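Reading through the structure tokens given below for one structure.
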Amino acid sequence: MHRPAITGTGVFTPEQGITNAELVVAFNAYADRWNAQHADAIARGEVEPMAHSSEDFIVKASGIEHRYVLDKTGILDPEVMHPLLRQRSDDEPGVMAEMGVDAARKALAQAGRTGADVDAVICAASNLERAYPAVAIEIQQLLGTKGFAFDMNVACSSATFGIQAAADMVRSGSIRSALVVNPEICSGHLEWRDRDCHFIFGDVATAVLIERAEDASGPYFEIRSTRCATEFSNNIRNNNGFLRRTRPDGLADRRDMQFMQNGRKVFKEVLPMVSQHIADHMADEGVTAADLSRLWLHQANKTMNDFIGRKVLGRDPEPGEQPNILQDYANTSSAGSIIAFSKYSNDLRDGDKGIICSFGAGYSVGSVIVERHA
Ligand code: CO8
């Protein structure tokens, strides 16, 4: 048996960003147009007018102030209201592979490695841009890694579940190293025309390199233990899929072909599930709150993270103990906790411990207990 360790992390951040102010202006213009187009039906009481969105609500309800996206022009155009990405030929890298490779190269550079040192690539993300061939295999080819590659999807928990899969393979000895890559193009499956959720998501890609601890050439985070759990729920759902054209109105502009959630229910049901999950994981590993230097939580909602931080530590987290990045990146699905880990972990000292934790659609929860070796 070997000790798996995270030896490098990388984040690809898109060049374009959207502030809440820009987002609300575009949404309200869209709502005004829609109300004008449906003025008669609204007057007859057949449909409700669309209400305006508000910056104050967004910050108060979520803590989100800004998001990065691959294309803001389409999203902010009231006649379009979704990103516009060019069609790429099959001979050039796909967009998910391209952003994943950028994050992966940064992770490899941090660890002092090249693609040739890697035995496996897992592309773990909420959505995949095509059915096949696997995006992971394209990343494998672009990086020149050895061995094998595969895609997996556990929505918001894709990264932590991917880390467990890779860590288990490294631990057992079937591979020496793996890249877990998380290209999340959340703007592609967000319904920008729905004020209940139009502010929630952003785009990003993250990567972690996992190697045997004895192979590490610099400081690393030993993966002490991982734990994954799932419980079926329809409260976060997207019905788009490969059977779409087989259904009578499958190609229609249907609301359920984009991200949908019952945010209040998710909030109420996921909080106790996550708090208990982390508490059980820590107890089974003999880790107490006093042993933890940092929590890198899923980045969906600031109030939710404050609550989980208090539950896990038994007190209000000190500034920096539970870093949030959602104010800048919004919810980036599985990548959120990895962005936080990548940006806020280098200051930890030898022996310091922390927990990476994701939660969301499925429902799914994944926790990874790590220990710094400097
Ligand atoms: N502006 C102004 N008012 C608004 C707006 C808006 N934009 N939106 C809603 N309101 C109004 C509502 O209409 C409602 O009015 P009323 O009280 O009159 O009915 C009022 O504000 C309150 O609305 P809510 O009850 O919906 O507001 P909440 O306080 O619950 O906040 C949140 C909404 C922020 C969504 C909150 O419920 C939340 O964060 N819940 C947790 C959600 C969560 O963690 N989800 C997991 C996300 S899934 C994930 O991370 C990955 C999924 C897979 C990837 C998908 C990628 C696209």
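We label chains A, B, ... in the order they appear in the structure tokens, count residues from 1 in each chain, and number ligands from 1 in the order shown.
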(request) Using DSSP on the backbone, list every residue of range 194-364 of chain A that comes out as alpha helix (DSSP H), and give them as a PyMOL selection string. (result) chain A and resi 263-285+302-313+326-329+336-343
(request) Could you give me, as a VMD selection string, the residues within 8 Å of Asp203 in chain A, counting only C-alpha atoms and dropping anything in the same chain fewer than 3 positions from it? (result) chain A and resid 13 to 14 67 to 70 184 to 187 329 332
Those same residues - N, CA, C and O atoms - I'd like them written as a short mmCIF file (atom, residue, chain, number, x, y, z; two decimals), in the first residue's frame.
data_model
loop_
_atom_site.label_atom_id
_atom_site.label_comp_id
_atom_site.auth_asym_id
_atom_site.auth_seq_id
_atom_site.Cartn_x
_atom_site.Cartn_y
_atom_site.Cartn_z
N THR A 13 -8.83 30.27 -15.16
CA THR A 13 -9.89 31.26 -14.96
C THR A 13 -10.16 31.96 -16.29
O THR A 13 -9.23 32.54 -16.88
N PRO A 14 -11.41 31.93 -16.79
CA PRO A 14 -11.70 32.61 -18.07
C PRO A 14 -11.38 34.10 -18.00
O PRO A 14 -11.41 34.70 -16.92
N ARG A 67 -18.89 36.65 -11.49
CA ARG A 67 -18.59 35.30 -12.00
C ARG A 67 -17.75 35.44 -13.27
O ARG A 67 -17.86 36.45 -13.99
N TYR A 68 -16.91 34.44 -13.52
CA TYR A 68 -16.15 34.38 -14.77
C TYR A 68 -16.91 33.48 -15.73
O TYR A 68 -17.50 32.47 -15.32
N VAL A 69 -16.90 33.85 -17.01
CA VAL A 69 -17.60 33.05 -18.02
C VAL A 69 -16.77 33.00 -19.30
O VAL A 69 -15.96 33.90 -19.57
N LEU A 70 -17.01 31.97 -20.11
CA LEU A 70 -16.27 31.85 -21.38
C LEU A 70 -16.75 32.88 -22.39
O LEU A 70 -15.98 33.34 -23.23
N GLU A 184 -15.50 23.02 -15.76
CA GLU A 184 -16.92 23.26 -15.48
C GLU A 184 -17.41 24.46 -16.29
O GLU A 184 -17.07 25.61 -16.00
N ILE A 185 -18.22 24.20 -17.34
CA ILE A 185 -18.81 25.28 -18.13
C ILE A 185 -20.25 25.41 -17.66
O ILE A 185 -21.20 25.03 -18.36
N CYS A 186 -20.42 25.93 -16.46
CA CYS A 186 -21.77 26.02 -15.87
C CYS A 186 -22.65 27.01 -16.63
O CYS A 186 -23.87 26.89 -16.61
N SER A 187 -22.03 27.98 -17.34
CA SER A 187 -22.83 28.96 -18.08
C SER A 187 -23.63 28.29 -19.19
O SER A 187 -24.66 28.81 -19.62
N TYR A 329 -16.03 33.99 -8.05
CA TYR A 329 -16.23 32.96 -9.08
C TYR A 329 -17.67 32.47 -9.18
O TYR A 329 -18.00 31.75 -10.10
N THR A 332 -19.11 27.23 -9.03
CA THR A 332 -18.50 26.60 -10.22
C THR A 332 -18.61 25.09 -10.10
O THR A 332 -17.72 24.34 -10.53
#
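Distance-wise, CA of Ala205 in chain A and CA of Lys146 in chain A end up 21.6 Å apart.
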Selection as a JSON list (two decimals) with N, CA, C and O atoms, in the first residue's frame: residues within 6 Å of ligand 1 by only C-alpha atoms and all ligand atoms:
[["chain", "number", "residue", "atom", "x", "y", "z"],
["A", 53, "SER", "N", -34.79, 41.44, -11.35],
["A", 53, "SER", "CA", -33.80, 40.90, -10.42],
["A", 53, "SER", "C", -33.17, 42.07, -9.66],
["A", 53, "SER", "O", -33.37, 43.23, -10.02],
["A", 54, "SER", "N", -32.43, 41.75, -8.60],
["A", 54, "SER", "CA", -31.80, 42.84, -7.85],
["A", 54, "SER", "C", -30.43, 42.43, -7.31],
["A", 54, "SER", "O", -30.25, 41.30, -6.84],
["A", 57, "PHE", "N", -30.48, 41.53, -3.56],
["A", 57, "PHE", "CA", -30.95, 40.18, -3.27],
["A", 57, "PHE", "C", -29.84, 39.16, -3.52],
["A", 57, "PHE", "O", -29.61, 38.26, -2.71],
["A", 58, "ILE", "N", -29.18, 39.30, -4.64],
["A", 58, "ILE", "CA", -28.16, 38.30, -5.02],
["A", 58, "ILE", "C", -27.07, 38.22, -3.96],
["A", 58, "ILE", "O", -26.71, 37.12, -3.49],
["A", 61, "ALA", "N", -28.63, 36.85, -0.58],
["A", 61, "ALA", "CA", -29.06, 35.44, -0.60],
["A", 61, "ALA", "C", -27.90, 34.48, -0.82],
["A", 61, "ALA", "O", -27.95, 33.35, -0.35],
["A", 62, "SER", "N", -26.86, 34.94, -1.54],
["A", 62, "SER", "CA", -25.82, 33.97, -1.94],
["A", 62, "SER", "C", -24.40, 34.35, -1.56],
["A", 62, "SER", "O", -23.54, 33.47, -1.41],
["A", 126, "SER", "N", -19.55, 18.28, -14.05],
["A", 126, "SER", "CA", -21.02, 18.21, -14.00],
["A", 126, "SER", "C", -21.66, 17.94, -15.35],
["A", 126, "SER", "O", -22.79, 17.45, -15.41],
["A", 155, "ALA", "N", -21.98, 15.53, -10.64],
["A", 155, "ALA", "CA", -22.38, 16.94, -10.49],
["A", 155, "ALA", "C", -21.40, 17.67, -9.57],
["A", 155, "ALA", "O", -20.19, 17.58, -9.75],
["A", 156, "CYS", "N", -21.92, 18.34, -8.56],
["A", 156, "CYS", "CA", -21.09, 19.21, -7.71],
["A", 156, "CYS", "C", -19.99, 18.45, -6.99],
["A", 156, "CYS", "O", -19.01, 19.05, -6.54],
["A", 186, "CYS", "N", -20.42, 25.93, -16.46],
["A", 186, "CYS", "CA", -21.77, 26.02, -15.87],
["A", 186, "CYS", "C", -22.65, 27.01, -16.63],
["A", 186, "CYS", "O", -23.87, 26.89, -16.61],
["A", 189, "HIS", "N", -25.25, 25.43, -19.01],
["A", 189, "HIS", "CA", -26.49, 24.76, -18.57],
["A", 189, "HIS", "C", -27.23, 25.54, -17.50],
["A", 189, "HIS", "O", -28.13, 25.03, -16.84],
["A", 190, "LEU", "N", -26.87, 26.82, -17.33],
["A", 190, "LEU", "CA", -27.64, 27.69, -16.44],
["A", 190, "LEU", "C", -28.76, 28.36, -17.24],
["A", 190, "LEU", "O", -28.54, 28.76, -18.39],
["A", 195, "ARG", "N", -34.92, 34.42, -12.94],
["A", 195, "ARG", "CA", -34.27, 35.28, -11.94],
["A", 195, "ARG", "C", -33.96, 34.53, -10.65],
["A", 195, "ARG", "O", -33.11, 34.96, -9.88],
["A", 196, "ASP", "N", -34.64, 33.41, -10.40],
["A", 196, "ASP", "CA", -34.36, 32.63, -9.18],
["A", 196, "ASP", "C", -32.94, 32.04, -9.19],
["A", 196, "ASP", "O", -32.40, 31.71, -8.14],
["A", 259, "PHE", "N", -30.45, 23.76, -15.93],
["A", 259, "PHE", "CA", -30.39, 23.57, -14.47],
["A", 259, "PHE", "C", -31.68, 24.08, -13.80],
["A", 259, "PHE", "O", -32.16, 25.17, -14.08],
["A", 263, "GLY", "N", -34.09, 25.75, -4.40],
["A", 263, "GLY", "CA", -32.96, 26.20, -3.60],
["A", 263, "GLY", "C", -33.18, 26.12, -2.10],
["A", 263, "GLY", "O", -32.30, 25.73, -1.34],
["A", 264, "ARG", "N", -34.41, 26.50, -1.67],
["A", 264, "ARG", "CA", -34.72, 26.46, -0.24],
["A", 264, "ARG", "C", -34.62, 25.03, 0.32],
["A", 264, "ARG", "O", -34.07, 24.81, 1.39],
["A", 266, "VAL", "N", -33.00, 22.51, -1.01],
["A", 266, "VAL", "CA", -31.60, 22.05, -1.06],
["A", 266, "VAL", "C", -30.87, 22.56, 0.18],
["A", 266, "VAL", "O", -30.18, 21.80, 0.88],
["A", 267, "PHE", "N", -31.05, 23.83, 0.44],
["A", 267, "PHE", "CA", -30.42, 24.46, 1.60],
["A", 267, "PHE", "C", -30.74, 23.67, 2.87],
["A", 267, "PHE", "O", -29.86, 23.29, 3.63],
["A", 300, "ALA", "N", -21.24, 27.28, -2.97],
["A", 300, "ALA", "CA", -22.57, 27.56, -3.52],
["A", 300, "ALA", "C", -23.20, 28.76, -2.85],
["A", 300, "ALA", "O", -23.86, 29.56, -3.50],
["A", 301, "ASN", "N", -23.02, 28.87, -1.53],
["A", 301, "ASN", "CA", -23.76, 29.87, -0.79],
["A", 301, "ASN", "C", -22.99, 30.23, 0.49],
["A", 301, "ASN", "O", -22.63, 29.33, 1.26],
["A", 333, "SER", "N", -19.70, 24.65, -9.50],
["A", 333, "SER", "CA", -19.99, 23.24, -9.31],
["A", 333, "SER", "C", -18.79, 22.54, -8.65],
["A", 333, "SER", "O", -18.27, 23.03, -7.66],
["A", 360, "GLY", "N", -23.90, 18.74, -3.19],
["A", 360, "GLY", "CA", -24.84, 19.31, -4.15],
["A", 360, "GLY", "C", -25.68, 18.25, -4.83],
["A", 360, "GLY", "O", -26.11, 17.28, -4.19],
["A", 361, "ALA", "N", -25.86, 18.44, -6.16],
["A", 361, "ALA", "CA", -26.82, 17.62, -6.90],
["A", 361, "ALA", "C", -26.53, 16.14, -6.74],
["A", 361, "ALA", "O", -25.39, 15.70, -6.60]]
(message) Which residues are near Glu55 in chain A? Cut-off 9 Å, only C-alpha atoms, ignore same chain within fewer than 4 positions. Put them as a PyMOL selection string.
(response) chain A and resi 20-21+23-24+59-60+65
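Straight-line separation from CA of Gly17 in chain A to CA of Asp256 in chain A: 26.2 Å.
Checking A:Asp32, A:Thr246, A:Ser172, A:Val11 one by one against Ala340 in chain A, counting only C-alpha atoms, you find the shortest gap at A:Val11.
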Non-local contacts of range 278-283 of chain A (12 Å; only C-alpha atoms; under 6 positions in same chain excluded) as a compact mmCIF listing (two decimals) with all heavy atoms, in the first residue's frame:
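As written to disk, out_18.txt reads:
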# COMPACT_ATOMS: atom_id res chain seq x y z
N ARG A 224 -5.15 11.72 3.65
CA ARG A 224 -5.25 10.81 4.79
C ARG A 224 -6.45 9.88 4.64
O ARG A 224 -6.40 8.71 4.99
CB ARG A 224 -5.37 11.62 6.09
CG ARG A 224 -4.10 12.36 6.47
CD ARG A 224 -3.15 11.44 7.21
NE ARG A 224 -3.81 10.87 8.36
CZ ARG A 224 -3.74 11.34 9.61
NH1 ARG A 224 -2.99 12.39 9.85
NH2 ARG A 224 -4.39 10.75 10.60
N SER A 225 -7.55 10.43 4.15
CA SER A 225 -8.78 9.63 4.06
C SER A 225 -9.79 10.35 3.18
O SER A 225 -9.81 11.58 3.12
CB SER A 225 -9.34 9.45 5.48
OG SER A 225 -10.62 8.88 5.44
N THR A 226 -10.61 9.56 2.48
CA THR A 226 -11.69 10.16 1.67
C THR A 226 -13.01 9.46 2.02
O THR A 226 -13.01 8.31 2.47
CB THR A 226 -11.45 9.96 0.16
OG1 THR A 226 -11.39 8.56 -0.10
CG2 THR A 226 -10.18 10.63 -0.31
N ARG A 227 -14.11 10.18 1.83
CA ARG A 227 -15.42 9.55 2.05
C ARG A 227 -16.45 10.17 1.10
O ARG A 227 -16.54 11.40 1.00
CB ARG A 227 -15.87 9.75 3.49
CG ARG A 227 -17.24 9.12 3.75
CD ARG A 227 -17.53 9.01 5.22
NE ARG A 227 -16.59 8.10 5.89
CZ ARG A 227 -16.73 7.71 7.14
NH1 ARG A 227 -17.74 8.13 7.87
NH2 ARG A 227 -15.86 6.90 7.69
N CYS A 228 -17.20 9.32 0.41
CA CYS A 228 -18.22 9.78 -0.53
C CYS A 228 -19.57 9.22 -0.12
O CYS A 228 -19.66 8.10 0.37
CB CYS A 228 -17.90 9.28 -1.95
SG CYS A 228 -16.35 9.91 -2.61
N ALA A 229 -20.63 10.00 -0.36
CA ALA A 229 -21.99 9.52 -0.06
C ALA A 229 -22.96 10.14 -1.05
O ALA A 229 -22.76 11.28 -1.50
CB ALA A 229 -22.38 9.90 1.36
N LEU A 271 -27.69 20.83 4.24
CA LEU A 271 -26.90 21.27 5.41
C LEU A 271 -26.73 20.18 6.46
O LEU A 271 -25.59 19.87 6.85
CB LEU A 271 -27.54 22.51 6.04
CG LEU A 271 -27.18 23.85 5.41
CD1 LEU A 271 -27.82 24.99 6.19
CD2 LEU A 271 -25.68 24.04 5.37
N PRO A 272 -27.82 19.56 6.97
CA PRO A 272 -27.62 18.51 7.97
C PRO A 272 -26.88 17.30 7.42
O PRO A 272 -26.06 16.69 8.11
CB PRO A 272 -29.05 18.12 8.39
CG PRO A 272 -29.98 18.75 7.42
CD PRO A 272 -29.25 19.87 6.75
N ALA A 289 -12.00 18.83 15.90
CA ALA A 289 -12.05 20.20 15.37
C ALA A 289 -10.74 20.93 15.65
O ALA A 289 -10.25 21.70 14.82
CB ALA A 289 -13.23 20.95 16.00
N ALA A 290 -10.15 20.65 16.82
CA ALA A 290 -8.90 21.34 17.20
C ALA A 290 -7.74 20.95 16.27
O ALA A 290 -6.75 21.67 16.16
CB ALA A 290 -8.55 21.00 18.65
N ASP A 291 -7.87 19.79 15.60
CA ASP A 291 -6.80 19.34 14.69
C ASP A 291 -6.86 20.05 13.34
O ASP A 291 -5.92 19.93 12.53
CB ASP A 291 -6.93 17.83 14.40
CG ASP A 291 -6.75 16.99 15.65
OD1 ASP A 291 -5.96 17.40 16.51
OD2 ASP A 291 -7.42 15.94 15.76
N LEU A 292 -7.98 20.73 13.04
CA LEU A 292 -8.18 21.26 11.68
C LEU A 292 -7.68 22.69 11.55
O LEU A 292 -8.06 23.56 12.33
CB LEU A 292 -9.67 21.23 11.32
CG LEU A 292 -10.30 19.85 11.10
CD1 LEU A 292 -11.78 20.00 10.79
CD2 LEU A 292 -9.59 19.11 9.97
N LEU A 295 -10.83 24.61 6.32
CA LEU A 295 -11.94 23.94 5.62
C LEU A 295 -12.03 24.56 4.23
O LEU A 295 -12.15 25.79 4.11
CB LEU A 295 -13.26 24.19 6.33
CG LEU A 295 -13.39 23.74 7.79
CD1 LEU A 295 -14.74 24.21 8.35
CD2 LEU A 295 -13.30 22.23 7.86
N LEU A 297 -14.57 24.43 1.48
CA LEU A 297 -15.92 23.90 1.24
C LEU A 297 -16.41 24.18 -0.17
O LEU A 297 -15.92 25.10 -0.85
CB LEU A 297 -16.90 24.54 2.23
CG LEU A 297 -16.62 24.29 3.71
CD1 LEU A 297 -17.67 25.00 4.57
CD2 LEU A 297 -16.59 22.79 4.03
N ILE A 308 -21.95 25.52 8.05
CA ILE A 308 -21.18 24.26 8.11
C ILE A 308 -19.88 24.49 8.90
O ILE A 308 -19.49 23.67 9.73
CB ILE A 308 -20.90 23.72 6.69
CG1 ILE A 308 -22.21 23.29 6.04
CG2 ILE A 308 -19.92 22.54 6.72
CD1 ILE A 308 -22.11 22.99 4.56
N GLY A 309 -19.25 25.63 8.67
CA GLY A 309 -18.01 25.95 9.39
C GLY A 309 -18.25 25.95 10.90
O GLY A 309 -17.46 25.38 11.67
N ARG A 310 -19.35 26.58 11.33
CA ARG A 310 -19.68 26.63 12.77
C ARG A 310 -19.94 25.23 13.30
O ARG A 310 -19.52 24.87 14.39
CB ARG A 310 -20.92 27.50 13.00
CG ARG A 310 -20.58 28.97 13.21
CD ARG A 310 -21.73 29.73 13.84
NE ARG A 310 -22.95 29.65 13.06
CZ ARG A 310 -23.24 30.44 12.03
NH1 ARG A 310 -22.39 31.38 11.67
NH2 ARG A 310 -24.37 30.31 11.39
N LYS A 311 -20.67 24.42 12.53
CA LYS A 311 -21.00 23.05 12.96
C LYS A 311 -19.73 22.21 13.13
O LYS A 311 -19.58 21.48 14.10
CB LYS A 311 -21.89 22.38 11.91
CG LYS A 311 -23.36 22.60 12.12
CD LYS A 311 -23.88 21.56 13.09
CE LYS A 311 -25.37 21.68 13.29
NZ LYS A 311 -25.83 21.07 14.52
N VAL A 312 -18.85 22.30 12.14
CA VAL A 312 -17.66 21.44 12.14
C VAL A 312 -16.69 21.87 13.24
O VAL A 312 -16.14 21.04 13.97
CB VAL A 312 -16.95 21.48 10.76
CG1 VAL A 312 -15.61 20.77 10.80
CG2 VAL A 312 -17.86 20.85 9.70
N LEU A 313 -16.48 23.18 13.38
CA LEU A 313 -15.47 23.67 14.33
C LEU A 313 -16.04 23.89 15.73
O LEU A 313 -15.30 24.05 16.70
CB LEU A 313 -14.85 24.97 13.81
CG LEU A 313 -14.12 24.88 12.47
CD1 LEU A 313 -13.62 26.24 12.02
CD2 LEU A 313 -12.95 23.89 12.55
N GLY A 314 -17.40 23.97 15.82
CA GLY A 314 -18.02 24.22 17.12
C GLY A 314 -17.91 25.66 17.56
O GLY A 314 -18.09 26.00 18.74
N LYS A 353 -3.63 20.02 9.26
CA LYS A 353 -4.65 19.21 8.57
C LYS A 353 -5.82 20.09 8.12
O LYS A 353 -6.07 21.15 8.70
CB LYS A 353 -5.20 18.14 9.51
CG LYS A 353 -4.17 17.10 9.93
CD LYS A 353 -4.85 15.99 10.73
CE LYS A 353 -3.81 15.07 11.35
NZ LYS A 353 -2.97 15.74 12.37
N GLY A 354 -6.52 19.60 7.11
CA GLY A 354 -7.70 20.32 6.64
C GLY A 354 -8.64 19.36 5.92
O GLY A 354 -8.29 18.20 5.69
N ILE A 355 -9.84 19.88 5.62
CA ILE A 355 -10.83 19.05 4.90
C ILE A 355 -11.31 19.79 3.66
O ILE A 355 -11.69 20.97 3.74
CB ILE A 355 -12.06 18.74 5.78
CG1 ILE A 355 -11.66 17.87 6.96
CG2 ILE A 355 -13.14 18.03 4.97
CD1 ILE A 355 -12.85 17.38 7.77
N ILE A 356 -11.28 19.09 2.54
CA ILE A 356 -11.93 19.56 1.30
C ILE A 356 -13.30 18.90 1.31
O ILE A 356 -13.39 17.68 1.52
CB ILE A 356 -11.15 19.11 0.05
CG1 ILE A 356 -9.70 19.61 0.08
CG2 ILE A 356 -11.85 19.58 -1.23
CD1 ILE A 356 -8.79 18.98 -0.99
N CYS A 357 -14.37 19.67 1.07
CA CYS A 357 -15.69 19.04 1.07
C CYS A 357 -16.59 19.63 -0.01
O CYS A 357 -16.71 20.85 -0.13
CB CYS A 357 -16.36 19.19 2.43
SG CYS A 357 -17.95 18.35 2.51
N SER A 358 -17.20 18.75 -0.79
CA SER A 358 -18.14 19.18 -1.83
C SER A 358 -19.53 18.66 -1.48
O SER A 358 -19.66 17.68 -0.75
CB SER A 358 -17.73 18.59 -3.17
OG SER A 358 -17.91 17.19 -3.12
N PHE A 359 -20.56 19.34 -2.02
CA PHE A 359 -21.92 18.83 -1.83
C PHE A 359 -22.84 19.46 -2.86
O PHE A 359 -22.58 20.56 -3.35
CB PHE A 359 -22.44 19.13 -0.41
CG PHE A 359 -22.10 20.50 0.11
CD1 PHE A 359 -22.90 21.59 -0.15
CD2 PHE A 359 -20.94 20.71 0.86
CE1 PHE A 359 -22.59 22.85 0.33
CE2 PHE A 359 -20.61 21.98 1.35
CZ PHE A 359 -21.45 23.05 1.09
N VAL A 365 -22.20 14.09 -1.49
CA VAL A 365 -21.25 14.73 -0.56
C VAL A 365 -19.93 13.99 -0.66
O VAL A 365 -19.91 12.75 -0.64
CB VAL A 365 -21.69 14.63 0.92
CG1 VAL A 365 -20.84 15.56 1.79
CG2 VAL A 365 -23.15 14.93 1.10
N GLY A 366 -18.84 14.72 -0.75
CA GLY A 366 -17.52 14.09 -0.76
C GLY A 366 -16.58 14.85 0.16
O GLY A 366 -16.53 16.08 0.09
N SER A 367 -15.86 14.14 1.03
CA SER A 367 -14.90 14.83 1.91
C SER A 367 -13.53 14.16 1.80
O SER A 367 -13.42 12.94 1.65
CB SER A 367 -15.39 14.84 3.36
OG SER A 367 -15.77 13.55 3.77
N VAL A 368 -12.51 15.00 1.86
CA VAL A 368 -11.13 14.55 1.71
C VAL A 368 -10.33 15.17 2.86
O VAL A 368 -10.22 16.40 2.95
CB VAL A 368 -10.54 15.03 0.36
CG1 VAL A 368 -9.11 14.55 0.18
CG2 VAL A 368 -11.41 14.58 -0.82
N ILE A 369 -9.79 14.33 3.76
CA ILE A 369 -8.97 14.84 4.86
C ILE A 369 -7.51 14.82 4.40
O ILE A 369 -7.00 13.77 3.97
CB ILE A 369 -9.15 13.99 6.13
CG1 ILE A 369 -10.60 14.03 6.60
CG2 ILE A 369 -8.20 14.47 7.24
CD1 ILE A 369 -10.92 13.15 7.80
N VAL A 370 -6.87 15.99 4.45
CA VAL A 370 -5.48 16.08 3.97
C VAL A 370 -4.56 16.57 5.08
O VAL A 370 -4.99 17.25 6.02
CB VAL A 370 -5.37 17.03 2.74
CG1 VAL A 370 -6.09 16.46 1.54
CG2 VAL A 370 -5.87 18.44 3.06
(request) Extract the full set of strand (DSSP E) residues from range 118-359 of chain A according to DSSP on the backbone, and format it as a PyMOL selection string. (result) chain A and resi 120-124+148-152+177-185+203-212+220-230+236-237+260-261+292-297+353-359
(request) Check the smallest atom-to-atom distance from each of A:Arg315, A:His2, A:Lys302, A:His373 to Gly173 in chain A using only C-alpha atoms, then report the winner. (result) A:His2
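In terms of minimum interatomic distance to Gln141 in chain A, A:Val121 ranks closest within A:Pro248, A:Val121, A:Asn239, A:Glu129, counting only C-alpha atoms.
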(message) Measuring between only C-alpha atoms, which one of A:Ala374, A:Met260, A:Ala165, A:Val204 shows the shortest distance to Asn331 in chain A?
(response) A:Val204
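Pairwise distance (CA of Tyr344 in chain A, CA of Thr145 in chain A) equals 27.9 Å.
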(message) Taking only C-alpha atoms into account, name the residue in A:Met273, A:Met152, A:Ala252, A:Ala330 that is nearest to Ser364 in chain A.
(response) A:Met273
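Among the candidates A:Cys123, A:Ile175, A:Val270, A:Ala216, the one nearest to Ser334 in chain A when counting only C-alpha atoms is A:Cys123.
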(message) Taking 3 positions as the minimum chain separation for residues in the same chain, which residues sit within 12 Å of Thr73 in chain A when counting only C-alpha atoms? Answer as a PyMOL selection string.
(response) chain A and resi 16-18+22-23+26+69-70+76-85
